[in-house]
Amino acid sequence: MDFTANNLRPLKGMGRKLFVETYGCQMNVGDTEIVVSVMQKEGYFYTENIEEADVILINTCSIRDNAEQRIWGRLGDIKHYRIQNPKLVVGIIGCMAERLKEELLKGPLAVDIVAGPDSYRSLPELIHRAEMKQKGVNVELSLTETYSEIEPVRIDHNGVSAFVSIMRGCNNFCSYCVVPYTRGRERSRDAETIVAEARSLFENGYREVTLLGQNVNSYRCGEVTFPELMRRVAEVSPLLRVRFATSHPKDMSDDLLEVMASMPNICHAIHLPAQSGSTAMLDRMNRRYTREWYLGRIAAIRRIIPDCSITTDLIAGFSGETEEEHLETLSLMREVKYDYAFMFKYSERPGTFAQRNLPDNIPDEVKTRRLQEIIALQNELGLQSNEKDVGKEFEILVEGESRRDKNQLSGRTSQNKVVVIDKGNHRKGDYVKVRITGCTQATLFGEEID
């Protein structure tokens with residue numbers, strides 16, 4: 001049976017070790033940090049070594065079928081840890097738990113715990129139930145849960161950049177998307193707790209925060225809108241960079257762009273998912289904007305923040321996509337000249353409007369060919385974007401050593417582009433002024449300037 005928060009009682013982990021493996025989006029990374037915080041307060045210790053764990057939680061994504069297939073494969077891999085430790089507790093948390101509760105509790109890959117995105121406070125009790133040889137299940141969605149007062153435990157190795165969740169859920173119901181069904185309806189976190197978390201991060205050495213939500217533009221807490229929230233977070237310190245993800249084109253306002261232009265420490269980078277360049281396709285996707293509206297928002301960004309980078313999401317082969325509609329996507333890409341894009345074949349998700357009402361009728365070989373054409377074009381556009389930066393000067397925030405050479409450092413510009421420089425006397429967390437001397441499709445190379 002499902003177990004709700006109303007009859008939970010606090011339990012102590014007694015020093016047992018917790019391992020969490022995270023898949024999917026930045027929201028899931030933020031959720032994992034909430035989970036670790038909840039568990040540590042109950043006496044568990046976080047470990048990065050899965051072999052010594054007493055509890056293994058897999059934080060999952062359901063946005064595409066291949067994401068779920070990876071999780072099923074991973075559960076197969078974890079079976080041998082159960083042999084080594086018969087008392088091991090294994091759980092699936094997050095979106096896949098919400099969507100596939102019954103399947104996850106049955107069969108040879110069955111798990112002990114299933115917890116949806118709104119039930120992380122109940123994890124200690126669910127684990128206790130599992131230890132008593134009962135299934136620990138809580139997949140109830142909430143209209144109010146934002147985990148506002150929980151301070152996430154940062155488990156990354158960066159120490160420079162952190163995610164701050166500002167809202168949960170989604171009200172948009174794009175026809176292809178499972179998120180409203182797995183994460184529930186939209187609700188915004190209290191603004192004061194967001195600013196306090198950003199301030200705490202800065203005081204503890206972090207120099208960049210990314211405000212997260214499925215549609216950050218629709219954030220509202222009382223009279224505080226998203227542009228005002230951005231301003232308040234940026235005012236924590238001029239040395240704290242502020243980013244955000246993700247924006248919905250229908251809600252991208254000039255007010256936000258004006259705030260970004262007025263605050264030097266708000267980064268000039270916007271992720272604005274287009275999904276398609278065809279108005280007819282956008283209508284089938286229930287995106288609630290047209291190609292013309294989208295291009296109007298692009299024009300506003302270029303006018304108000306001329307040096308802003310723009311990235312996007314694109315789907316190849318959605319229901320009924322014609323060759324002409326595919327070509328409209330390619331033409332949109334050429335017109336906008338995206339700096340980067342996340343590009344996918346359409347993956348039908350059970351329970352969505354599209355799955356119920358729009359046939360997945362594009363052959364896989366056609367989807368694949370169209371996706372390859374999108375990727376090839378974006379590779380060209382990405383290289384062109386980087387080539388235009390050669391000779392320009394930027395301030396980068398150093399994130400750590402370069403992956404390829406420990407004598408070099410890697411940082412990012414305000415536009416979210418990776419720049420590699422010689423280490424010199426710098427270390428992560430430093431701001432360095434650089435001139436770009438060369439590039440590849442994915443990376444800029446620079447030299448320090450005074």
# chains A, B, ... in the order shown; residues from 1 in each chain; ligands from 1
>>> closest_atom_pairs(of="range 374-441 of chain A", to="range 294-312 of chain A", cutoff="9 Å", atoms="only C-alpha atoms", output="CSV")
residue,atom,partner,partner_atom,distance
A:Ser414,CA,A:Cys308,CA,8.5
A:Gln415,CA,A:Ser309,CA,5.3
A:Asn416,CA,A:Ser309,CA,7.7
A:Lys417,CA,A:Ser309,CA,8.8
>>> residues_around(residues="Tyr431 in chain A", least_positions_apart="3", cutoff="12 Å", atoms="only C-alpha atoms", output="CSV table (one decimal) with C-alpha atoms, in the first residue's frame")
chain,number,residue,atom,x,y,z
A,160,VAL,CA,32.0,26.5,-7.7
A,207,ARG,CA,30.5,31.6,-7.2
A,208,GLU,CA,27.6,30.5,-9.5
A,238,PRO,CA,28.3,41.0,-7.7
A,239,LEU,CA,30.8,38.1,-7.5
A,240,LEU,CA,27.9,35.5,-7.7
A,241,ARG,CA,27.0,34.6,-11.2
A,265,ASN,CA,26.4,39.1,-12.9
A,394,PHE,CA,35.7,37.4,-21.9
A,395,GLU,CA,35.7,37.0,-18.2
A,396,ILE,CA,35.6,33.3,-17.3
A,397,LEU,CA,34.8,31.6,-14.0
A,398,VAL,CA,37.3,28.8,-13.4
A,399,GLU,CA,35.6,25.5,-12.6
A,400,GLY,CA,38.7,23.2,-12.3
A,409,LEU,CA,42.2,25.1,-16.3
A,410,SER,CA,38.6,25.0,-17.7
A,411,GLY,CA,36.1,27.8,-17.1
A,412,ARG,CA,33.0,29.2,-18.6
A,413,THR,CA,32.0,32.5,-20.1
A,414,SER,CA,28.9,34.4,-19.2
A,425,ASN,CA,48.5,31.0,-10.5
A,426,HIS,CA,44.8,30.5,-10.8
A,427,ARG,CA,42.5,28.0,-9.2
A,428,LYS,CA,38.9,27.0,-9.3
A,434,VAL,CA,40.9,36.0,-21.3
A,448,GLU,CA,45.0,35.4,-19.8
A,449,ILE,CA,45.0,39.2,-20.3
A,450,ASP,CA,45.5,42.0,-17.7
>>> atom_distance(atom1="CA of Arg291 in chain A", atom2="CA of Thr322 in chain A")
16.0 Å
>>> residues_around(residues="Gln26 in chain A", least_positions_apart="4", cutoff="12 Å", atoms="only C-alpha atoms", output="list in words")
Thr22, Gly30, Asp31, Thr32, Glu33, Asn59, Thr60, Cys61, Ala162, Phe163, Val164, Ser165, Thr210, Leu211, Leu212, Gly213, Gln214, Phe244, Ala245 and Thr246 of chain A
>>> residues_around(residues="Lys337 in chain A", least_positions_apart="4", cutoff="10 Å", atoms="only C-alpha atoms", output="CSV table (one decimal) with all heavy atoms, in the first residue's frame")
chain,number,residue,atom,x,y,z
A,309,SER,N,24.0,34.2,-25.6
A,309,SER,CA,24.0,33.0,-26.3
A,309,SER,C,22.6,32.4,-26.2
A,309,SER,O,21.9,32.6,-25.2
A,309,SER,CB,25.0,32.0,-25.7
A,309,SER,OG,24.7,31.6,-24.4
A,310,ILE,N,22.2,31.6,-27.2
A,310,ILE,CA,20.9,31.0,-27.2
A,310,ILE,C,21.0,29.5,-27.6
A,310,ILE,O,21.6,29.2,-28.6
A,310,ILE,CB,19.9,31.7,-28.2
A,310,ILE,CG1,19.8,33.2,-27.9
A,310,ILE,CG2,18.6,31.0,-28.2
A,310,ILE,CD1,19.0,33.9,-28.9
A,311,THR,N,20.5,28.7,-26.7
A,311,THR,CA,20.5,27.2,-26.9
A,311,THR,C,19.1,26.7,-27.0
A,311,THR,O,18.1,27.5,-26.6
A,311,THR,CB,21.3,26.5,-25.8
A,311,THR,OG1,20.8,26.8,-24.6
A,311,THR,CG2,22.8,27.0,-25.9
A,331,SER,N,15.3,25.3,-41.2
A,331,SER,CA,15.4,26.7,-41.5
A,331,SER,C,15.4,27.6,-40.3
A,331,SER,O,16.0,28.7,-40.2
A,331,SER,CB,14.3,27.1,-42.5
A,331,SER,OG,13.0,27.1,-41.8
A,332,LEU,N,14.6,27.2,-39.2
A,332,LEU,CA,14.6,27.9,-38.0
A,332,LEU,C,16.0,27.9,-37.4
A,332,LEU,O,16.5,29.0,-36.9
A,332,LEU,CB,13.6,27.3,-37.0
A,332,LEU,CG,13.6,28.0,-35.6
A,332,LEU,CD1,12.8,29.3,-35.7
A,332,LEU,CD2,13.0,27.0,-34.6
A,333,MET,N,16.7,26.8,-37.4
A,333,MET,CA,18.0,26.7,-36.9
A,333,MET,C,19.0,27.7,-37.6
A,333,MET,O,19.8,28.3,-37.0
A,333,MET,CB,18.6,25.3,-37.0
A,333,MET,CG,17.8,24.2,-36.2
A,333,MET,SD,18.3,22.5,-36.5
A,333,MET,CE,20.0,22.5,-36.0
A,377,LEU,N,23.7,20.0,-39.0
A,377,LEU,CA,23.5,21.4,-39.1
A,377,LEU,C,24.0,22.1,-37.8
A,377,LEU,O,24.7,23.1,-37.9
A,377,LEU,CB,22.1,21.8,-39.4
A,377,LEU,CG,21.8,23.3,-39.5
A,377,LEU,CD1,22.7,24.0,-40.5
A,377,LEU,CD2,20.3,23.5,-39.9
A,378,GLN,N,23.6,21.6,-36.7
A,378,GLN,CA,24.0,22.2,-35.4
A,378,GLN,C,25.5,22.2,-35.2
A,378,GLN,O,26.0,23.1,-34.6
A,378,GLN,CB,23.2,21.6,-34.2
A,378,GLN,CG,23.5,22.3,-32.9
A,378,GLN,CD,23.2,23.8,-33.0
A,378,GLN,OE1,22.2,24.2,-33.4
A,378,GLN,NE2,24.2,24.6,-32.5
A,380,GLU,N,27.7,22.5,-37.5
A,380,GLU,CA,28.2,23.6,-38.3
A,380,GLU,C,27.9,24.9,-37.6
A,380,GLU,O,28.8,25.8,-37.5
A,380,GLU,CB,27.4,23.7,-39.7
A,380,GLU,CG,27.7,22.5,-40.6
A,380,GLU,CD,26.9,22.6,-41.9
A,380,GLU,OE1,26.5,23.7,-42.2
A,380,GLU,OE2,26.8,21.6,-42.6
A,381,LEU,N,26.7,25.1,-37.1
A,381,LEU,CA,26.3,26.3,-36.4
A,381,LEU,C,27.2,26.5,-35.1
A,381,LEU,O,27.6,27.7,-34.8
A,381,LEU,CB,24.9,26.3,-36.0
A,381,LEU,CG,23.9,26.3,-37.2
A,381,LEU,CD1,22.4,26.2,-36.7
A,381,LEU,CD2,24.0,27.6,-38.1
A,382,GLY,N,27.4,25.5,-34.4
A,382,GLY,CA,28.2,25.6,-33.2
A,382,GLY,C,29.6,26.0,-33.5
A,382,GLY,O,30.2,26.8,-32.7
A,384,GLN,N,30.6,27.7,-36.1
A,384,GLN,CA,30.6,29.1,-36.6
A,384,GLN,C,30.5,30.0,-35.4
A,384,GLN,O,31.1,31.1,-35.4
A,384,GLN,CB,29.4,29.3,-37.5
A,384,GLN,CG,29.5,28.6,-38.9
A,384,GLN,CD,28.2,28.6,-39.7
A,384,GLN,OE1,27.3,29.4,-39.4
A,384,GLN,NE2,28.1,27.8,-40.7
A,385,SER,N,29.7,29.7,-34.4
A,385,SER,CA,29.5,30.5,-33.2
A,385,SER,C,30.8,30.6,-32.5
A,385,SER,O,31.2,31.7,-32.1
A,385,SER,CB,28.4,29.9,-32.3
A,385,SER,OG,28.4,30.6,-31.1
>>> closest_residue(among="A:Asn49, A:Ser276, A:Asn172, A:Gln441", to="Leu371 in chain A", atoms="only C-alpha atoms")
A:Ser276
>>> residues_around(residues="range 113-128 of chain A", least_positions_apart="6", cutoff="6 Å", atoms="only C-alpha atoms", output="PyMOL selection string")
chain A and resi 91-94+97-98+136-139+141
>>> select_by_dssp(residues="range 349-405 of chain A", states="helix (DSSP H, G or I)", output="compact mmCIF listing (two decimals) with all heavy atoms, in the first residue's frame")
# COMPACT_ATOMS: atom_id res chain seq x y z
N PHE A 353 -0.82 12.96 -23.77
CA PHE A 353 -1.88 13.23 -24.74
C PHE A 353 -1.52 12.64 -26.10
O PHE A 353 -2.37 12.06 -26.79
CB PHE A 353 -2.10 14.74 -24.86
CG PHE A 353 -3.16 15.10 -25.87
CD1 PHE A 353 -4.49 15.20 -25.50
CD2 PHE A 353 -2.82 15.34 -27.20
CE1 PHE A 353 -5.47 15.52 -26.43
CE2 PHE A 353 -3.79 15.66 -28.15
CZ PHE A 353 -5.12 15.75 -27.75
N ALA A 354 -0.26 12.77 -26.49
CA ALA A 354 0.17 12.25 -27.79
C ALA A 354 0.01 10.74 -27.86
O ALA A 354 -0.45 10.19 -28.88
CB ALA A 354 1.61 12.65 -28.07
N GLN A 355 0.38 10.06 -26.79
CA GLN A 355 0.27 8.60 -26.79
C GLN A 355 -1.19 8.17 -26.91
O GLN A 355 -1.51 7.17 -27.57
CB GLN A 355 0.90 8.04 -25.51
CG GLN A 355 0.95 6.51 -25.46
CD GLN A 355 -0.25 5.90 -24.77
OE1 GLN A 355 -0.85 6.52 -23.88
NE2 GLN A 355 -0.62 4.69 -25.17
N ARG A 356 -2.09 8.94 -26.33
CA ARG A 356 -3.51 8.59 -26.36
C ARG A 356 -4.20 9.03 -27.65
O ARG A 356 -5.18 8.40 -28.07
CB ARG A 356 -4.24 9.22 -25.16
CG ARG A 356 -3.77 8.75 -23.80
CD ARG A 356 -4.71 9.22 -22.69
NE ARG A 356 -4.91 10.65 -22.70
CZ ARG A 356 -4.17 11.52 -22.04
NH1 ARG A 356 -3.14 11.08 -21.31
NH2 ARG A 356 -4.42 12.82 -22.08
N ASN A 357 -3.70 10.10 -28.28
CA ASN A 357 -4.47 10.71 -29.37
C ASN A 357 -3.71 10.93 -30.67
O ASN A 357 -4.34 11.15 -31.71
CB ASN A 357 -5.01 12.06 -28.90
CG ASN A 357 -5.94 11.93 -27.71
OD1 ASN A 357 -7.10 11.58 -27.84
ND2 ASN A 357 -5.40 12.22 -26.52
N ASP A 364 11.14 4.71 -37.90
CA ASP A 364 12.36 5.00 -37.14
C ASP A 364 13.50 5.43 -38.05
O ASP A 364 14.29 6.31 -37.68
CB ASP A 364 12.78 3.77 -36.33
CG ASP A 364 13.93 4.08 -35.40
OD1 ASP A 364 13.73 4.87 -34.44
OD2 ASP A 364 15.05 3.58 -35.64
N GLU A 365 13.58 4.83 -39.25
CA GLU A 365 14.68 5.22 -40.14
C GLU A 365 14.53 6.66 -40.61
O GLU A 365 15.52 7.36 -40.84
CB GLU A 365 14.76 4.27 -41.35
CG GLU A 365 13.52 4.21 -42.23
CD GLU A 365 12.52 3.16 -41.79
OE1 GLU A 365 12.58 2.73 -40.61
OE2 GLU A 365 11.69 2.75 -42.64
N VAL A 366 13.28 7.14 -40.72
CA VAL A 366 13.06 8.54 -41.09
C VAL A 366 13.41 9.45 -39.92
O VAL A 366 14.06 10.49 -40.10
CB VAL A 366 11.59 8.76 -41.53
CG1 VAL A 366 11.33 10.24 -41.81
CG2 VAL A 366 11.28 7.92 -42.77
N LYS A 367 12.99 9.06 -38.72
CA LYS A 367 13.38 9.83 -37.53
C LYS A 367 14.89 9.95 -37.44
O LYS A 367 15.44 11.03 -37.17
CB LYS A 367 12.85 9.16 -36.26
CG LYS A 367 11.36 9.21 -36.05
CD LYS A 367 11.03 8.54 -34.71
CE LYS A 367 9.55 8.48 -34.44
NZ LYS A 367 9.25 7.81 -33.16
N THR A 368 15.56 8.83 -37.64
CA THR A 368 17.02 8.81 -37.52
C THR A 368 17.66 9.72 -38.55
O THR A 368 18.58 10.50 -38.24
CB THR A 368 17.55 7.38 -37.66
OG1 THR A 368 16.99 6.55 -36.63
CG2 THR A 368 19.06 7.33 -37.59
N ARG A 369 17.21 9.65 -39.78
CA ARG A 369 17.79 10.50 -40.83
C ARG A 369 17.56 11.97 -40.54
O ARG A 369 18.47 12.80 -40.68
CB ARG A 369 17.17 10.10 -42.18
CG ARG A 369 17.86 10.76 -43.39
CD ARG A 369 17.05 11.95 -43.90
NE ARG A 369 15.70 11.54 -44.29
CZ ARG A 369 14.73 12.41 -44.56
NH1 ARG A 369 14.95 13.72 -44.46
NH2 ARG A 369 13.52 11.98 -44.90
N ARG A 370 16.36 12.31 -40.10
CA ARG A 370 16.07 13.71 -39.78
C ARG A 370 16.90 14.19 -38.60
O ARG A 370 17.41 15.32 -38.60
CB ARG A 370 14.57 13.89 -39.51
CG ARG A 370 13.72 13.72 -40.76
CD ARG A 370 12.23 13.80 -40.46
NE ARG A 370 11.44 13.63 -41.68
CZ ARG A 370 10.12 13.50 -41.73
NH1 ARG A 370 9.42 13.53 -40.60
NH2 ARG A 370 9.49 13.35 -42.88
N LEU A 371 17.04 13.34 -37.60
CA LEU A 371 17.87 13.72 -36.46
C LEU A 371 19.31 13.94 -36.88
O LEU A 371 19.96 14.90 -36.44
CB LEU A 371 17.79 12.66 -35.36
CG LEU A 371 18.66 12.91 -34.13
CD1 LEU A 371 18.25 14.21 -33.44
CD2 LEU A 371 18.58 11.73 -33.15
N GLN A 372 19.82 13.07 -37.72
CA GLN A 372 21.20 13.22 -38.20
C GLN A 372 21.38 14.54 -38.96
O GLN A 372 22.42 15.20 -38.83
CB GLN A 372 21.58 12.04 -39.08
CG GLN A 372 21.75 10.73 -38.30
CD GLN A 372 21.93 9.53 -39.20
OE1 GLN A 372 21.63 9.57 -40.40
NE2 GLN A 372 22.42 8.44 -38.64
N GLU A 373 20.37 14.93 -39.71
CA GLU A 373 20.46 16.20 -40.43
C GLU A 373 20.45 17.39 -39.47
O GLU A 373 21.17 18.37 -39.67
CB GLU A 373 19.30 16.31 -41.44
CG GLU A 373 19.42 15.33 -42.61
CD GLU A 373 18.23 15.39 -43.55
OE1 GLU A 373 17.32 16.21 -43.31
OE2 GLU A 373 18.20 14.61 -44.52
N ILE A 374 19.64 17.28 -38.42
CA ILE A 374 19.60 18.33 -37.40
C ILE A 374 20.95 18.43 -36.69
O ILE A 374 21.50 19.52 -36.49
CB ILE A 374 18.46 18.06 -36.39
CG1 ILE A 374 17.10 18.27 -37.06
CG2 ILE A 374 18.60 18.94 -35.16
CD1 ILE A 374 15.92 17.82 -36.22
N ILE A 375 21.51 17.28 -36.33
CA ILE A 375 22.80 17.26 -35.63
C ILE A 375 23.90 17.83 -36.52
O ILE A 375 24.73 18.63 -36.07
CB ILE A 375 23.15 15.83 -35.17
CG1 ILE A 375 22.18 15.38 -34.07
CG2 ILE A 375 24.60 15.75 -34.69
CD1 ILE A 375 22.33 13.93 -33.68
N ALA A 376 23.91 17.43 -37.78
CA ALA A 376 24.95 17.90 -38.69
C ALA A 376 24.89 19.42 -38.84
O ALA A 376 25.92 20.11 -38.83
CB ALA A 376 24.81 17.22 -40.05
N LEU A 377 23.68 19.95 -38.97
CA LEU A 377 23.54 21.40 -39.10
C LEU A 377 23.97 22.10 -37.82
O LEU A 377 24.68 23.12 -37.87
CB LEU A 377 22.09 21.76 -39.44
CG LEU A 377 21.78 23.26 -39.51
CD1 LEU A 377 22.69 23.98 -40.49
CD2 LEU A 377 20.31 23.47 -39.89
N GLN A 378 23.59 21.56 -36.68
CA GLN A 378 23.96 22.20 -35.42
C GLN A 378 25.47 22.16 -35.21
O GLN A 378 26.04 23.10 -34.65
CB GLN A 378 23.24 21.56 -34.24
CG GLN A 378 23.52 22.27 -32.91
CD GLN A 378 23.23 23.75 -32.96
OE1 GLN A 378 22.18 24.18 -33.44
NE2 GLN A 378 24.17 24.56 -32.49
N ASN A 379 26.11 21.09 -35.64
CA ASN A 379 27.58 21.04 -35.56
C ASN A 379 28.20 22.20 -36.34
O ASN A 379 29.16 22.84 -35.88
CB ASN A 379 28.10 19.71 -36.09
CG ASN A 379 27.82 18.56 -35.14
OD1 ASN A 379 27.53 18.77 -33.95
ND2 ASN A 379 27.92 17.33 -35.63
N GLU A 380 27.66 22.49 -37.51
CA GLU A 380 28.15 23.61 -38.31
C GLU A 380 27.91 24.93 -37.58
O GLU A 380 28.81 25.79 -37.49
CB GLU A 380 27.45 23.65 -39.67
CG GLU A 380 27.75 22.49 -40.59
CD GLU A 380 26.94 22.59 -41.88
OE1 GLU A 380 26.45 23.69 -42.19
OE2 GLU A 380 26.78 21.56 -42.57
N LEU A 381 26.69 25.09 -37.05
CA LEU A 381 26.34 26.34 -36.38
C LEU A 381 27.17 26.54 -35.12
O LEU A 381 27.59 27.67 -34.81
CB LEU A 381 24.85 26.35 -36.04
CG LEU A 381 23.88 26.31 -37.22
CD1 LEU A 381 22.45 26.16 -36.72
CD2 LEU A 381 24.02 27.57 -38.08
N GLY A 382 27.41 25.46 -34.38
CA GLY A 382 28.21 25.56 -33.17
C GLY A 382 29.63 25.99 -33.45
O GLY A 382 30.20 26.81 -32.73
N LEU A 383 30.20 25.42 -34.51
CA LEU A 383 31.57 25.80 -34.88
C LEU A 383 31.61 27.26 -35.33
O LEU A 383 32.52 28.01 -34.95
CB LEU A 383 32.08 24.88 -35.99
CG LEU A 383 33.50 25.17 -36.50
CD1 LEU A 383 34.51 25.09 -35.35
CD2 LEU A 383 33.87 24.21 -37.63
N GLN A 384 30.63 27.67 -36.13
CA GLN A 384 30.58 29.06 -36.58
C GLN A 384 30.48 30.01 -35.39
O GLN A 384 31.13 31.06 -35.35
CB GLN A 384 29.39 29.27 -37.51
CG GLN A 384 29.52 28.58 -38.87
CD GLN A 384 28.23 28.64 -39.67
OE1 GLN A 384 27.31 29.42 -39.36
NE2 GLN A 384 28.13 27.82 -40.72
N SER A 385 29.66 29.65 -34.40
CA SER A 385 29.50 30.48 -33.21
C SER A 385 30.82 30.64 -32.47
O SER A 385 31.19 31.74 -32.06
CB SER A 385 28.45 29.87 -32.29
OG SER A 385 28.38 30.56 -31.05
N ASN A 386 31.54 29.53 -32.31
CA ASN A 386 32.82 29.59 -31.62
C ASN A 386 33.87 30.36 -32.41
O ASN A 386 34.67 31.10 -31.85
CB ASN A 386 33.31 28.18 -31.30
CG ASN A 386 32.60 27.57 -30.10
OD1 ASN A 386 31.83 28.25 -29.42
ND2 ASN A 386 32.85 26.31 -29.85
N GLU A 387 33.86 30.19 -33.72
CA GLU A 387 34.82 30.91 -34.55
C GLU A 387 34.64 32.42 -34.44
O GLU A 387 35.60 33.18 -34.49
CB GLU A 387 34.70 30.45 -36.00
CG GLU A 387 35.24 29.04 -36.24
CD GLU A 387 34.99 28.53 -37.65
OE1 GLU A 387 34.08 29.06 -38.32
OE2 GLU A 387 35.69 27.59 -38.07
N LYS A 388 33.39 32.86 -34.26
CA LYS A 388 33.13 34.29 -34.12
C LYS A 388 33.71 34.86 -32.82
O LYS A 388 33.91 36.08 -32.69
CB LYS A 388 31.63 34.56 -34.17
CG LYS A 388 31.01 34.36 -35.55
CD LYS A 388 29.50 34.63 -35.51
CE LYS A 388 28.88 34.43 -36.88
NZ LYS A 388 27.41 34.65 -36.85
N ASP A 389 33.95 33.98 -31.85
CA ASP A 389 34.49 34.44 -30.57
C ASP A 389 36.01 34.57 -30.58
O ASP A 389 36.58 35.16 -29.65
CB ASP A 389 34.08 33.47 -29.45
CG ASP A 389 32.62 33.60 -29.08
OD1 ASP A 389 32.05 34.67 -29.33
OD2 ASP A 389 32.05 32.63 -28.55
>>> residues_around(residues="Ile63 in chain A", least_positions_apart="5", cutoff="12 Å", atoms="only C-alpha atoms", output="VMD selection string")
chain A and resid 23 to 25 28 68 to 69 94 to 96 99 176 to 183 344 to 352
>>> select_by_dssp(residues="range 200-422 of chain A", states="strand (DSSP E or B)", output="number ranges by chain")
A: 208-212, 220-221, 224-225, 241-245, 266, 269-271, 275, 309-316, 340-345, 393-401, 408-412, 418-422
>>> write_last_selection(atoms="C-alpha atoms", output="CSV table (one decimal), in the first residue's frame")
chain,number,residue,atom,x,y,z
A,208,GLU,CA,27.6,30.5,-9.5
A,209,VAL,CA,24.0,29.4,-9.0
A,210,THR,CA,21.6,28.1,-11.6
A,211,LEU,CA,17.9,28.6,-10.7
A,212,LEU,CA,15.9,25.5,-11.8
A,220,ARG,CA,5.5,33.5,-8.7
A,221,CYS,CA,5.6,33.8,-4.9
A,224,VAL,CA,7.6,38.2,-6.5
A,225,THR,CA,7.8,37.3,-10.2
A,241,ARG,CA,27.0,34.6,-11.2
A,242,VAL,CA,23.3,33.7,-11.7
A,243,ARG,CA,21.9,31.4,-14.4
A,244,PHE,CA,18.5,29.8,-14.9
A,245,ALA,CA,16.9,26.9,-16.7
A,266,ILE,CA,23.3,37.6,-14.5
A,269,ALA,CA,22.8,32.7,-21.8
A,270,ILE,CA,19.2,31.6,-22.4
A,271,HIS,CA,18.0,28.1,-23.1
A,275,GLN,CA,11.1,21.7,-30.3
A,309,SER,CA,24.0,33.0,-26.3
A,310,ILE,CA,20.9,31.0,-27.2
A,311,THR,CA,20.5,27.2,-26.9
A,312,THR,CA,17.5,25.0,-27.6
A,313,ASP,CA,15.8,21.6,-27.6
A,314,LEU,CA,14.7,20.0,-30.9
A,315,ILE,CA,12.6,16.9,-31.5
A,316,ALA,CA,12.8,14.9,-34.8
A,340,TYR,CA,24.2,24.6,-28.9
A,341,ALA,CA,21.2,22.3,-29.0
A,342,PHE,CA,19.9,19.2,-27.3
A,343,MET,CA,18.5,17.0,-30.1
A,344,PHE,CA,16.4,13.9,-29.9
A,345,LYS,CA,14.2,11.5,-31.8
A,393,GLU,CA,37.7,39.1,-24.7
A,394,PHE,CA,35.7,37.4,-21.9
A,395,GLU,CA,35.7,37.0,-18.2
A,396,ILE,CA,35.6,33.3,-17.3
A,397,LEU,CA,34.8,31.6,-14.0
A,398,VAL,CA,37.3,28.8,-13.4
A,399,GLU,CA,35.6,25.5,-12.6
A,400,GLY,CA,38.7,23.2,-12.3
A,401,GLU,CA,41.4,21.5,-14.2
A,408,GLN,CA,45.4,23.8,-17.8
A,409,LEU,CA,42.2,25.1,-16.3
A,410,SER,CA,38.6,25.0,-17.7
A,411,GLY,CA,36.1,27.8,-17.1
A,412,ARG,CA,33.0,29.2,-18.6
A,418,VAL,CA,33.8,26.3,-22.1
A,419,VAL,CA,37.3,28.0,-22.3
A,420,VAL,CA,40.6,26.3,-21.6
A,421,ILE,CA,43.6,28.4,-20.4
A,422,ASP,CA,47.0,27.7,-19.0
>>> closest_residue(among="A:Thr329, A:Ser237, A:Ser148, A:Ser319", to="Met263 in chain A", atoms="only C-alpha atoms")
A:Ser237
>>> atom_distance(atom1="CA of Lys101 in chain A", atom2="CA of Arg82 in chain A")
20.7 Å
